[in-house]
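Q: Provided herewith: coords25.cif, mmCIF, C-alpha atoms and all ligand atoms.
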```
data_model
loop_
_atom_site.label_atom_id
_atom_site.label_comp_id
_atom_site.auth_asym_id
_atom_site.auth_seq_id
_atom_site.Cartn_x
_atom_site.Cartn_y
_atom_site.Cartn_z
CA MET R 12 1.47 3.22 -24.71
CA ASN R 13 -0.31 2.26 -21.45
CA SER R 14 1.86 0.74 -18.79
CA VAL R 15 1.35 -1.59 -15.87
CA ALA R 16 3.26 -1.36 -12.61
CA LEU R 17 4.86 -4.28 -10.83
CA PRO R 18 4.33 -4.31 -7.05
CA ALA R 19 7.96 -3.13 -6.65
CA GLY R 20 7.04 -0.02 -8.64
CA VAL R 21 8.69 -0.86 -11.98
CA ALA R 22 6.54 0.27 -14.93
CA LEU R 23 6.20 -2.07 -17.91
CA PRO R 24 4.69 -1.29 -21.31
CA ALA R 25 1.27 -2.91 -21.66
CA LEU R 26 2.35 -4.77 -24.83
CA GLY R 27 5.20 -7.24 -25.26
CA LEU R 28 6.12 -10.07 -27.63
CA GLY R 29 5.34 -13.77 -27.16
CA THR R 30 7.65 -16.48 -28.50
CA TRP R 31 5.82 -19.80 -28.15
CA HIS R 32 6.62 -22.08 -31.13
CA MET R 33 9.75 -20.14 -31.96
CA GLY R 34 13.00 -22.09 -31.84
CA GLU R 35 11.37 -25.39 -32.75
CA ALA R 36 12.92 -25.94 -36.19
CA ALA R 37 16.30 -25.10 -37.70
CA ARG R 38 14.79 -23.99 -41.00
CA THR R 39 12.73 -21.18 -39.40
CA ARG R 40 15.38 -20.07 -36.89
CA ALA R 41 16.85 -17.19 -38.91
CA ALA R 42 13.42 -15.73 -39.64
CA GLU R 43 12.50 -15.91 -35.95
CA VAL R 44 15.71 -14.19 -34.86
CA ALA R 45 15.02 -11.51 -37.47
CA ALA R 46 11.45 -11.13 -36.16
CA VAL R 47 12.53 -10.61 -32.56
CA ARG R 48 15.29 -8.28 -33.75
CA LEU R 49 12.73 -6.28 -35.76
CA ALA R 50 10.39 -6.20 -32.77
CA LEU R 51 13.15 -4.53 -30.77
CA GLU R 52 13.65 -1.99 -33.59
CA ILE R 53 9.91 -1.28 -33.67
CA GLY R 54 9.96 -0.59 -29.94
CA TYR R 55 8.91 -3.81 -28.18
CA ARG R 56 10.78 -4.04 -24.88
CA VAL R 57 9.12 -6.95 -23.06
CA ILE R 58 9.88 -10.37 -24.56
CA ASP R 59 8.15 -13.43 -23.13
CA THR R 60 9.77 -16.84 -23.46
CA ALA R 61 10.16 -20.12 -21.54
CA GLU R 62 12.52 -23.06 -21.22
CA MET R 63 9.64 -25.15 -22.60
CA TYR R 64 9.38 -23.31 -25.93
CA GLY R 65 11.34 -25.33 -28.46
CA GLU R 66 13.03 -26.99 -25.44
CA GLY R 67 15.28 -23.96 -25.05
CA GLY R 68 15.21 -23.04 -28.75
CA ALA R 69 13.03 -19.97 -28.21
CA GLU R 70 15.40 -18.68 -25.50
CA GLU R 71 18.26 -19.08 -27.99
CA VAL R 72 16.29 -17.10 -30.59
CA VAL R 73 15.64 -14.33 -28.07
CA GLY R 74 19.28 -14.41 -26.98
CA ARG R 75 20.60 -14.03 -30.51
CA ALA R 76 18.23 -11.17 -31.31
CA ALA R 77 18.97 -9.42 -28.02
CA ALA R 78 22.73 -9.80 -28.52
CA GLU R 79 22.50 -8.15 -31.95
CA ALA R 80 20.30 -5.33 -30.66
CA LEU R 81 22.61 -4.73 -27.70
CA ARG R 82 25.69 -4.80 -29.94
CA THR R 83 24.28 -2.21 -32.36
CA GLY R 84 22.96 -0.05 -29.53
CA ALA R 85 19.32 -0.42 -30.64
CA VAL R 86 18.53 -1.12 -26.98
CA THR R 87 20.35 -1.13 -23.68
CA ARG R 88 20.10 -4.05 -21.31
CA ASP R 89 18.18 -1.90 -18.82
CA GLU R 90 15.55 -1.08 -21.46
CA LEU R 91 14.96 -4.75 -22.20
CA PHE R 92 12.61 -6.76 -20.00
CA ILE R 93 13.04 -10.49 -20.53
CA VAL R 94 10.47 -12.89 -19.09
CA SER R 95 11.19 -16.62 -18.93
CA LYS R 96 9.58 -19.57 -17.19
CA VAL R 97 10.71 -22.65 -15.35
CA TYR R 98 9.05 -26.01 -15.99
CA PRO R 99 7.03 -27.12 -12.93
CA HIS R 100 9.03 -30.36 -12.69
CA ASN R 101 12.23 -28.30 -12.38
CA ALA R 102 10.81 -25.98 -9.74
CA SER R 103 12.28 -27.47 -6.56
CA ARG R 104 14.38 -25.10 -4.44
CA GLY R 105 17.65 -26.15 -6.09
CA GLY R 106 16.04 -27.04 -9.42
CA VAL R 107 14.99 -23.46 -10.17
CA ALA R 108 18.59 -22.30 -9.81
CA ALA R 109 19.89 -24.95 -12.21
CA ALA R 110 17.08 -24.26 -14.72
CA CYS R 111 17.67 -20.52 -14.47
CA ASP R 112 21.38 -20.97 -15.19
CA ARG R 113 20.56 -23.02 -18.30
CA SER R 114 18.10 -20.32 -19.44
CA LEU R 115 20.65 -17.56 -18.83
CA ARG R 116 23.22 -19.46 -20.91
CA ARG R 117 20.78 -19.82 -23.81
CA LEU R 118 19.72 -16.17 -23.52
CA GLY R 119 23.33 -15.02 -23.24
CA LEU R 120 22.30 -12.68 -20.43
CA ASP R 121 23.40 -12.08 -16.84
CA TRP R 122 19.87 -11.83 -15.46
CA ILE R 123 16.24 -12.57 -16.28
CA ASP R 124 13.93 -9.66 -15.50
CA LEU R 125 10.90 -11.76 -14.57
CA TYR R 126 11.08 -15.49 -13.92
CA LEU R 127 7.79 -17.39 -13.73
CA LEU R 128 6.70 -20.82 -12.57
CA HIS R 129 5.04 -22.00 -15.81
CA TRP R 130 2.08 -23.74 -14.12
CA PRO R 131 1.33 -25.29 -10.71
CA GLY R 132 3.35 -28.47 -10.37
CA PRO R 133 4.61 -31.22 -8.09
CA HIS R 134 6.94 -29.19 -5.85
CA PRO R 135 5.62 -27.32 -2.79
CA LEU R 136 5.13 -23.67 -3.67
CA ARG R 137 7.17 -22.72 -0.60
CA ASP R 138 10.24 -24.46 -2.09
CA THR R 139 9.82 -22.81 -5.49
CA VAL R 140 9.44 -19.41 -3.83
CA ALA R 141 12.57 -20.04 -1.75
CA GLY R 142 14.46 -20.88 -4.96
CA PHE R 143 13.20 -17.72 -6.65
CA GLU R 144 14.11 -15.59 -3.64
CA ALA R 145 17.66 -17.00 -3.63
CA LEU R 146 18.00 -16.16 -7.35
CA ARG R 147 16.69 -12.66 -6.72
CA ALA R 148 19.11 -12.12 -3.83
CA ASP R 149 22.13 -13.00 -5.97
CA GLY R 150 20.96 -10.98 -9.00
CA ARG R 151 20.23 -13.79 -11.48
CA ILE R 152 16.62 -12.65 -11.62
CA ARG R 153 15.09 -9.24 -10.88
CA HIS R 154 11.51 -10.33 -10.16
CA TRP R 155 9.62 -13.60 -9.99
CA GLY R 156 6.01 -14.58 -10.55
CA LEU R 157 3.60 -17.33 -11.49
CA SER R 158 1.63 -18.51 -14.49
CA ASN R 159 -1.68 -20.38 -14.83
CA PHE R 160 -2.47 -19.83 -11.16
CA ASP R 161 -6.15 -19.31 -10.35
CA THR R 162 -7.47 -17.33 -7.38
CA PRO R 163 -7.34 -20.08 -4.70
CA GLU R 164 -3.74 -20.87 -5.61
CA MET R 165 -2.83 -17.17 -5.56
CA LYS R 166 -4.33 -16.91 -2.09
CA ALA R 167 -2.07 -19.77 -0.96
CA LEU R 168 0.96 -17.61 -1.75
CA ALA R 169 0.64 -15.83 1.58
CA GLY R 170 1.37 -19.06 3.44
CA ALA R 171 4.31 -19.89 1.18
CA GLY R 172 6.45 -16.79 1.75
CA GLY R 173 5.25 -15.40 -1.57
CA GLU R 174 4.79 -11.72 -0.70
CA ARG R 175 7.13 -10.64 -3.51
CA CYS R 176 5.20 -12.32 -6.36
CA ALA R 177 5.34 -9.73 -9.15
CA ALA R 178 2.86 -11.05 -11.75
CA ASN R 179 0.64 -13.91 -12.85
CA GLN R 180 0.44 -14.85 -16.53
CA VAL R 181 -2.82 -16.48 -17.63
CA TYR R 182 -4.94 -17.19 -20.67
CA TYR R 183 -7.05 -14.08 -21.11
CA SER R 184 -8.66 -12.91 -24.32
CA LEU R 185 -12.09 -11.71 -25.43
CA SER R 186 -13.05 -15.33 -26.02
CA ALA R 187 -11.70 -16.43 -22.60
CA ARG R 188 -12.77 -13.81 -20.07
CA GLY R 189 -12.98 -16.14 -17.06
CA ALA R 190 -10.08 -14.43 -15.27
CA GLU R 191 -12.23 -11.33 -14.86
CA PHE R 192 -14.58 -12.95 -12.37
CA ASP R 193 -12.33 -13.04 -9.31
CA LEU R 194 -8.70 -13.48 -10.40
CA LEU R 195 -8.19 -10.09 -12.01
CA PRO R 196 -9.90 -8.28 -9.09
CA TRP R 197 -7.66 -10.20 -6.64
CA GLN R 198 -4.56 -9.27 -8.61
CA ARG R 199 -5.61 -5.63 -8.79
CA GLU R 200 -6.13 -5.60 -5.04
CA HIS R 201 -2.56 -6.84 -4.68
CA SER R 202 -1.17 -4.45 -7.35
CA MET R 203 -0.03 -7.49 -9.33
CA PRO R 204 -0.26 -7.22 -13.12
CA LEU R 205 -2.01 -9.89 -15.15
CA MET R 206 -0.05 -10.87 -18.26
CA ALA R 207 -2.61 -11.97 -20.85
CA TYR R 208 -1.39 -14.86 -22.98
CA CYS R 209 -3.09 -15.99 -26.21
CA PRO R 210 -4.59 -12.48 -26.49
CA LEU R 211 -5.54 -13.22 -30.11
CA ASP R 212 -6.71 -16.70 -29.22
CA GLN R 213 -3.85 -18.03 -31.34
CA GLY R 214 -5.38 -16.38 -34.40
CA GLY R 215 -8.98 -17.32 -33.58
CA LEU R 216 -10.03 -13.69 -33.12
CA VAL R 217 -8.34 -12.16 -36.13
CA ASN R 218 -11.37 -12.52 -38.42
CA GLU R 219 -14.14 -12.25 -35.86
CA PRO R 220 -17.05 -10.32 -37.49
CA VAL R 221 -17.94 -8.01 -34.57
CA LEU R 222 -14.28 -7.11 -34.03
CA ARG R 223 -13.95 -6.46 -37.76
CA GLU R 224 -16.96 -4.19 -37.69
CA VAL R 225 -15.57 -2.21 -34.73
CA ALA R 226 -12.16 -2.11 -36.42
CA GLY R 227 -13.72 -0.75 -39.60
CA ARG R 228 -14.87 2.37 -37.75
CA HIS R 229 -11.25 3.12 -36.77
CA GLY R 230 -9.36 2.05 -39.89
CA ALA R 231 -7.93 -0.72 -37.71
CA THR R 232 -7.99 -4.54 -37.74
CA ALA R 233 -9.88 -7.06 -35.63
CA SER R 234 -6.59 -8.13 -34.00
CA GLN R 235 -5.88 -4.56 -32.98
CA VAL R 236 -9.33 -4.26 -31.43
CA ALA R 237 -8.83 -7.51 -29.48
CA LEU R 238 -5.49 -6.25 -28.15
CA ALA R 239 -6.67 -2.70 -27.46
CA TRP R 240 -9.63 -4.02 -25.48
CA LEU R 241 -7.33 -6.07 -23.23
CA MET R 242 -4.86 -3.21 -22.79
CA ALA R 243 -7.74 -0.98 -21.66
CA GLN R 244 -8.33 -3.28 -18.67
CA ARG R 245 -6.50 -1.86 -15.65
CA GLY R 246 -3.49 -3.91 -14.61
CA VAL R 247 -3.48 -6.04 -17.77
CA MET R 248 -0.66 -6.40 -20.29
CA VAL R 249 -0.66 -8.46 -23.50
CA ILE R 250 2.05 -10.56 -25.12
CA PRO R 251 0.87 -11.45 -28.65
CA LYS R 252 3.28 -13.68 -30.54
CA ALA R 253 4.13 -12.72 -34.11
CA VAL R 254 6.82 -13.62 -36.60
CA ARG R 255 5.42 -11.86 -39.66
CA GLU R 256 6.52 -8.25 -40.01
CA ALA R 257 3.00 -7.00 -40.75
CA HIS R 258 1.74 -8.67 -37.57
CA LEU R 259 4.55 -7.23 -35.46
CA ARG R 260 3.83 -3.71 -36.68
CA GLU R 261 0.05 -4.06 -36.50
CA ASN R 262 0.11 -5.36 -32.93
CA PHE R 263 2.46 -2.64 -31.74
CA ALA R 264 0.21 0.03 -33.23
CA ALA R 265 -2.77 -1.45 -31.35
CA ALA R 266 -1.42 0.23 -28.24
CA GLU R 267 -2.56 3.57 -29.70
CA LEU R 268 -6.11 2.46 -30.52
CA VAL R 269 -8.77 3.93 -28.21
CA LEU R 270 -12.18 2.24 -28.20
CA ASP R 271 -15.32 4.31 -27.59
CA ALA R 272 -18.53 3.48 -25.74
CA ALA R 273 -20.26 2.16 -28.88
CA ASP R 274 -17.30 -0.13 -29.57
CA LEU R 275 -17.27 -1.41 -26.00
CA GLY R 276 -21.01 -2.06 -26.11
CA ALA R 277 -20.78 -4.08 -29.32
CA ILE R 278 -17.86 -6.09 -27.94
CA GLU R 279 -19.66 -6.73 -24.65
CA ARG R 280 -22.74 -8.08 -26.45
CA ARG R 281 -20.62 -10.50 -28.49
CA PHE R 282 -18.24 -11.48 -25.65
CA PRO R 283 -20.12 -11.02 -22.35
CA ALA R 284 -18.23 -10.78 -19.07
CA PRO R 285 -18.38 -13.92 -16.89
CA ARG R 286 -21.29 -13.98 -14.41
CA ARG R 287 -19.94 -16.84 -12.34
CA LYS R 288 -16.65 -18.47 -11.52
CA GLN R 289 -15.18 -20.49 -14.39
CA PRO R 290 -12.10 -22.67 -14.12
CA LEU R 291 -9.11 -20.83 -15.52
CA ALA R 292 -8.63 -21.76 -19.18
CA MET R 293 -5.19 -23.07 -20.13
CA ARG R 294 -3.30 -23.60 -23.35
N1 LIG R 301 2.19 -19.07 -19.64
C1 LIG R 301 1.62 -19.92 -20.46
O1 LIG R 301 1.22 -21.03 -20.09
C2 LIG R 301 1.45 -19.52 -21.89
C3 LIG R 301 0.61 -20.27 -22.74
C4 LIG R 301 0.45 -19.84 -24.06
C5 LIG R 301 1.14 -18.73 -24.50
N2 LIG R 301 1.99 -18.04 -23.66
C6 LIG R 301 2.75 -16.84 -24.12
O2 LIG R 301 1.83 -15.94 -24.72
C7 LIG R 301 2.23 -15.67 -26.06
C8 LIG R 301 1.02 -15.39 -26.93
O3 LIG R 301 0.18 -16.53 -27.04
P1 LIG R 301 0.14 -17.44 -28.35
O4 LIG R 301 1.41 -17.31 -29.10
O5 LIG R 301 -0.23 -18.81 -27.91
O6 LIG R 301 -1.09 -16.88 -29.16
P2 LIG R 301 -1.49 -15.45 -29.79
O7 LIG R 301 -0.47 -14.42 -29.46
O8 LIG R 301 -2.89 -15.22 -29.36
O9 LIG R 301 -1.52 -15.74 -31.35
C9 LIG R 301 -0.35 -15.94 -32.09
C10 LIG R 301 -0.74 -16.29 -33.52
O10 LIG R 301 -1.46 -15.18 -34.09
C11 LIG R 301 -0.81 -14.74 -35.28
N3 LIG R 301 -0.88 -13.28 -35.29
C12 LIG R 301 -0.17 -12.41 -34.51
N4 LIG R 301 -0.54 -11.15 -34.77
C13 LIG R 301 -1.47 -11.21 -35.75
C14 LIG R 301 -2.20 -10.22 -36.45
N5 LIG R 301 -2.03 -8.92 -36.18
N6 LIG R 301 -3.09 -10.63 -37.40
C15 LIG R 301 -3.27 -11.94 -37.67
N7 LIG R 301 -2.59 -12.92 -37.02
C16 LIG R 301 -1.71 -12.57 -36.07
C17 LIG R 301 0.62 -15.23 -35.19
O11 LIG R 301 1.13 -15.40 -36.51
P3 LIG R 301 2.68 -15.22 -36.96
O12 LIG R 301 3.53 -15.75 -35.85
O13 LIG R 301 2.75 -15.99 -38.20
O14 LIG R 301 2.95 -13.75 -37.20
C18 LIG R 301 0.43 -16.54 -34.45
O15 LIG R 301 0.04 -17.55 -35.34
C19 LIG R 301 3.01 -16.93 -26.44
O16 LIG R 301 3.80 -16.78 -27.60
C20 LIG R 301 3.80 -17.17 -25.19
O17 LIG R 301 4.91 -16.29 -25.10
C21 LIG R 301 2.12 -18.41 -22.36
#
```
Could you quickly redo this structure as structure tokens?
Ligand SMILES: NC(=O)c1ccc[n+]([C@@H]2O[C@H](COP(=O)([O-])OP(=O)(O)OC[C@H]3O[C@@H](n4cnc5c(N)ncnc54)[C@H](OP(=O)(O)O)[C@@H]3O)[C@@H](O)[C@H]2O)c1

A:
Amino acid sequence: MNSVALPAGVALPALGLGTWHMGEAARTRAAEVAAVRLALEIGYRVIDTAEMYGEGGAEEVVGRAAAEALRTGAVTRDELFIVSKVYPHNASRGGVAAACDRSLRRLGLDWIDLYLLHWPGPHPLRDTVAGFEALRADGRIRHWGLSNFDTPEMKALAGAGGERCAANQVYYSLSARGAEFDLLPWQREHSMPLMAYCPLDQGGLVNEPVLREVAGRHGATASQVALAWLMAQRGVMVIPKAVREAHLRENFAAAELVLDAADLGAIERRFPAPRRKQPLAMR
């Protein structure tokens, strides 16, 4: 599997698991824990969650699955890479610490590997960064980063003490390529991976005719083509969400799919690269 490197040098697999909409209802909880547990068996190591998802419910799902996997020895804590996010309204200097402690309790873990500001919010970035740096210094998080930040806001990091920003997570899929215009180049220049959320456009790409046609040449699926295309972009990692076993396995296998020049040409004609700046799409 391809990997991306954080600025601090840590290598991450280019494919992880998303968890939005998990932890929202009691009746689906067991199936979601089983899905995350299975993902860890399959080989997923990066799990993306947030305090927002199910108002903490998704973190509890991840925590239960991780606890089982750690107990049985399926993974070690150092192999796991847990990403969570703080709500913007909680992201004051002291607020991030309190929110992080609540997330750690729900996750049942001693540290979060990557802690993101979920989107730009009301608190000065300098204060959020100071909160993140304090958490990093005392070991409650290993790295911190941002989400839904466009290029001008990323540039403002320099004036906010943000030199250690490790990643930016944004909406990036074949049907939303806006980030390629100047955000992805800026992040590459700063050796900062782009975590692509909604890589399947929340299911919108899974039956797309051109992707199906390309997939047909490889005995693959349209979803796998959509993911493989993103993973082939330097410095990009994907975090598709899946609960169904077939989806979990299919997405993981996409990391081995290599697209050729004819595939790339067909994809480019259907989903052209942006020619001008577009506002960053958000979900
Ligand atoms: N930072 C942010 O603001 C932000 C915003 C949005 C999302 N995210 C993160 O990014 C993750 C991914 O985004 P997303 O969940 O919105 O959308 P997504 O990953 O593009 O799509 C997920 C949907 O696609 C289905 N699916 C997954 N694999 C499939 C396959 N191989 N074939 C057919 N259908 C498939 C899933 O079904 P099943 O679940 O039924 O298997 C689910 O309904 C989120 O879960 C979250 O962790 C972050």

Q: Please build the interface table for chain R against ligand LIG 301 (chain R) with a cut-off of 7 Å, listing for each qualifying residue the nearest atom pair and the distance in Å to one decimal; count only C-alpha atoms and all ligand atoms, order rows by chain and increasing number, and write it as JSON lines.

A:
```
{"residue": "R:Leu28", "atom": "CA", "partner": "R:LIG301", "partner_atom": "O17", "distance": 6.8}
{"residue": "R:Gly29", "atom": "CA", "partner": "R:LIG301", "partner_atom": "O17", "distance": 3.3}
{"residue": "R:Thr30", "atom": "CA", "partner": "R:LIG301", "partner_atom": "O16", "distance": 4.0}
{"residue": "R:Trp31", "atom": "CA", "partner": "R:LIG301", "partner_atom": "O16", "distance": 3.7}
{"residue": "R:His32", "atom": "CA", "partner": "R:LIG301", "partner_atom": "O16", "distance": 7.0}
{"residue": "R:Asp59", "atom": "CA", "partner": "R:LIG301", "partner_atom": "O17", "distance": 4.7}
{"residue": "R:Thr60", "atom": "CA", "partner": "R:LIG301", "partner_atom": "O17", "distance": 5.2}
{"residue": "R:His129", "atom": "CA", "partner": "R:LIG301", "partner_atom": "N1", "distance": 5.6}
{"residue": "R:Trp130", "atom": "CA", "partner": "R:LIG301", "partner_atom": "O1", "distance": 6.6}
{"residue": "R:Ser158", "atom": "CA", "partner": "R:LIG301", "partner_atom": "N1", "distance": 5.2}
{"residue": "R:Asn159", "atom": "CA", "partner": "R:LIG301", "partner_atom": "O1", "distance": 6.0}
{"residue": "R:Gln180", "atom": "CA", "partner": "R:LIG301", "partner_atom": "N1", "distance": 5.5}
{"residue": "R:Val181", "atom": "CA", "partner": "R:LIG301", "partner_atom": "N1", "distance": 6.0}
{"residue": "R:Tyr182", "atom": "CA", "partner": "R:LIG301", "partner_atom": "C3", "distance": 6.7}
{"residue": "R:Tyr208", "atom": "CA", "partner": "R:LIG301", "partner_atom": "O2", "distance": 3.8}
{"residue": "R:Cys209", "atom": "CA", "partner": "R:LIG301", "partner_atom": "O8", "distance": 3.2}
{"residue": "R:Pro210", "atom": "CA", "partner": "R:LIG301", "partner_atom": "O8", "distance": 4.3}
{"residue": "R:Leu211", "atom": "CA", "partner": "R:LIG301", "partner_atom": "O8", "distance": 3.4}
{"residue": "R:Asp212", "atom": "CA", "partner": "R:LIG301", "partner_atom": "O8", "distance": 4.1}
{"residue": "R:Gln213", "atom": "CA", "partner": "R:LIG301", "partner_atom": "O9", "distance": 3.3}
{"residue": "R:Gly214", "atom": "CA", "partner": "R:LIG301", "partner_atom": "O10", "distance": 4.1}
{"residue": "R:Val217", "atom": "CA", "partner": "R:LIG301", "partner_atom": "C15", "distance": 5.3}
{"residue": "R:Ser234", "atom": "CA", "partner": "R:LIG301", "partner_atom": "N5", "distance": 5.1}
{"residue": "R:Gln235", "atom": "CA", "partner": "R:LIG301", "partner_atom": "N5", "distance": 6.6}
{"residue": "R:Ile250", "atom": "CA", "partner": "R:LIG301", "partner_atom": "C7", "distance": 5.2}
{"residue": "R:Pro251", "atom": "CA", "partner": "R:LIG301", "partner_atom": "O7", "distance": 3.4}
{"residue": "R:Lys252", "atom": "CA", "partner": "R:LIG301", "partner_atom": "O7", "distance": 4.0}
{"residue": "R:Ala253", "atom": "CA", "partner": "R:LIG301", "partner_atom": "O14", "distance": 3.5}
{"residue": "R:Val254", "atom": "CA", "partner": "R:LIG301", "partner_atom": "O14", "distance": 3.9}
{"residue": "R:Arg255", "atom": "CA", "partner": "R:LIG301", "partner_atom": "O14", "distance": 4.0}
{"residue": "R:His258", "atom": "CA", "partner": "R:LIG301", "partner_atom": "N5", "distance": 4.0}
{"residue": "R:Leu259", "atom": "CA", "partner": "R:LIG301", "partner_atom": "N4", "distance": 6.5}
{"residue": "R:Glu261", "atom": "CA", "partner": "R:LIG301", "partner_atom": "N5", "distance": 5.3}
{"residue": "R:Asn262", "atom": "CA", "partner": "R:LIG301", "partner_atom": "N5", "distance": 5.3}
{"residue": "R:Met293", "atom": "CA", "partner": "R:LIG301", "partner_atom": "O1", "distance": 6.7}
{"residue": "R:Arg294", "atom": "CA", "partner": "R:LIG301", "partner_atom": "C3", "distance": 5.2}
```

Q: Report the distance between CA of Pro196 (chain R) and CA of Arg281 (chain R) in Å, rounded to one decimal place.

A: 22.3 Å

Q: Determine the nearest neighbour of Pro204 (chain R) from the options R:His100, R:Ser186, R:Phe92, R:Val249, counting all atoms listed in the file.

A: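 The shortest atom-to-atom distance to Pro204 (chain R) comes from R:Val249.
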
Q: Using all atoms listed in the file, can you tell me which of R:Ala45, R:Glu79, R:Asn179, R:Leu146 comes closest to Asp121 (chain R)?

A: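 Using all atoms listed in the file, Asp121 (chain R) sits closest to R:Leu146.
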
Q: For Ala69 (chain R), work out the shell of residues within 6 Å, counting only C-alpha atoms and skipping chain neighbours fewer than 3 positions away, then give it as a PDB file with C-alpha atoms, keeping the file's coordinate frame.

A:
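Listing of out16.pdb after writing:
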```pdb
ATOM      1  CA  MET R  33       9.750 -20.140 -31.960  1.00  0.00           C
ATOM      2  CA  GLY R  34      13.000 -22.090 -31.840  1.00  0.00           C
ATOM      3  CA  TYR R  64       9.380 -23.310 -25.930  1.00  0.00           C
ATOM      4  CA  GLY R  65      11.340 -25.330 -28.460  1.00  0.00           C
ATOM      5  CA  VAL R  72      16.290 -17.100 -30.590  1.00  0.00           C
TER       6      VAL R  72
END
```

Q: So, with only C-alpha atoms as the atoms that count, which of R:Val236, R:Leu195, R:Arg280, R:Trp122 lies closest to Gly150 (chain R)?

A: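 For Gly150 (chain R), the nearest of the given residues is R:Trp122.
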
Q: Out of R:Val21, R:Met165, R:Leu136, R:Ala76, which residue has the shortest atom-to-atom distance to Glu43 (chain R) when counting only C-alpha atoms?

A: R:Ala76

Q: CA of Arg82 (chain R) and CA of Arg48 (chain R) are how many Å apart?

A: 11.6 Å

Q: Counting only C-alpha atoms, figure out which residue out of R:Ala25, R:Ala41, R:Val247, R:Ala226 gets nearest to Ala207 (chain R).

A: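 The answer is R:Val247, which sits nearest to Ala207 (chain R).
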
Q: Taking all atoms listed in the file into account, name the residue in R:Ala233, R:Leu26, R:Ala243, R:Leu268 that is nearest to Val221 (chain R).

A: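 The shortest atom-to-atom distance to Val221 (chain R) comes from R:Ala233.
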
Q: Distance CA of Ala265 (chain R)-CA of Leu238 (chain R), one decimal place?

A: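 Going from CA of Ala265 (chain R) over to CA of Leu238 (chain R) covers 6.4 Å.
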
Q: Hey, can you pull every residue with an atom no more than 6 Å from (-14.9, -9.5, -29.4), using all atoms listed in the file, and send it as number ranges by chain?

A: R: 185, 222, 278, 281-282
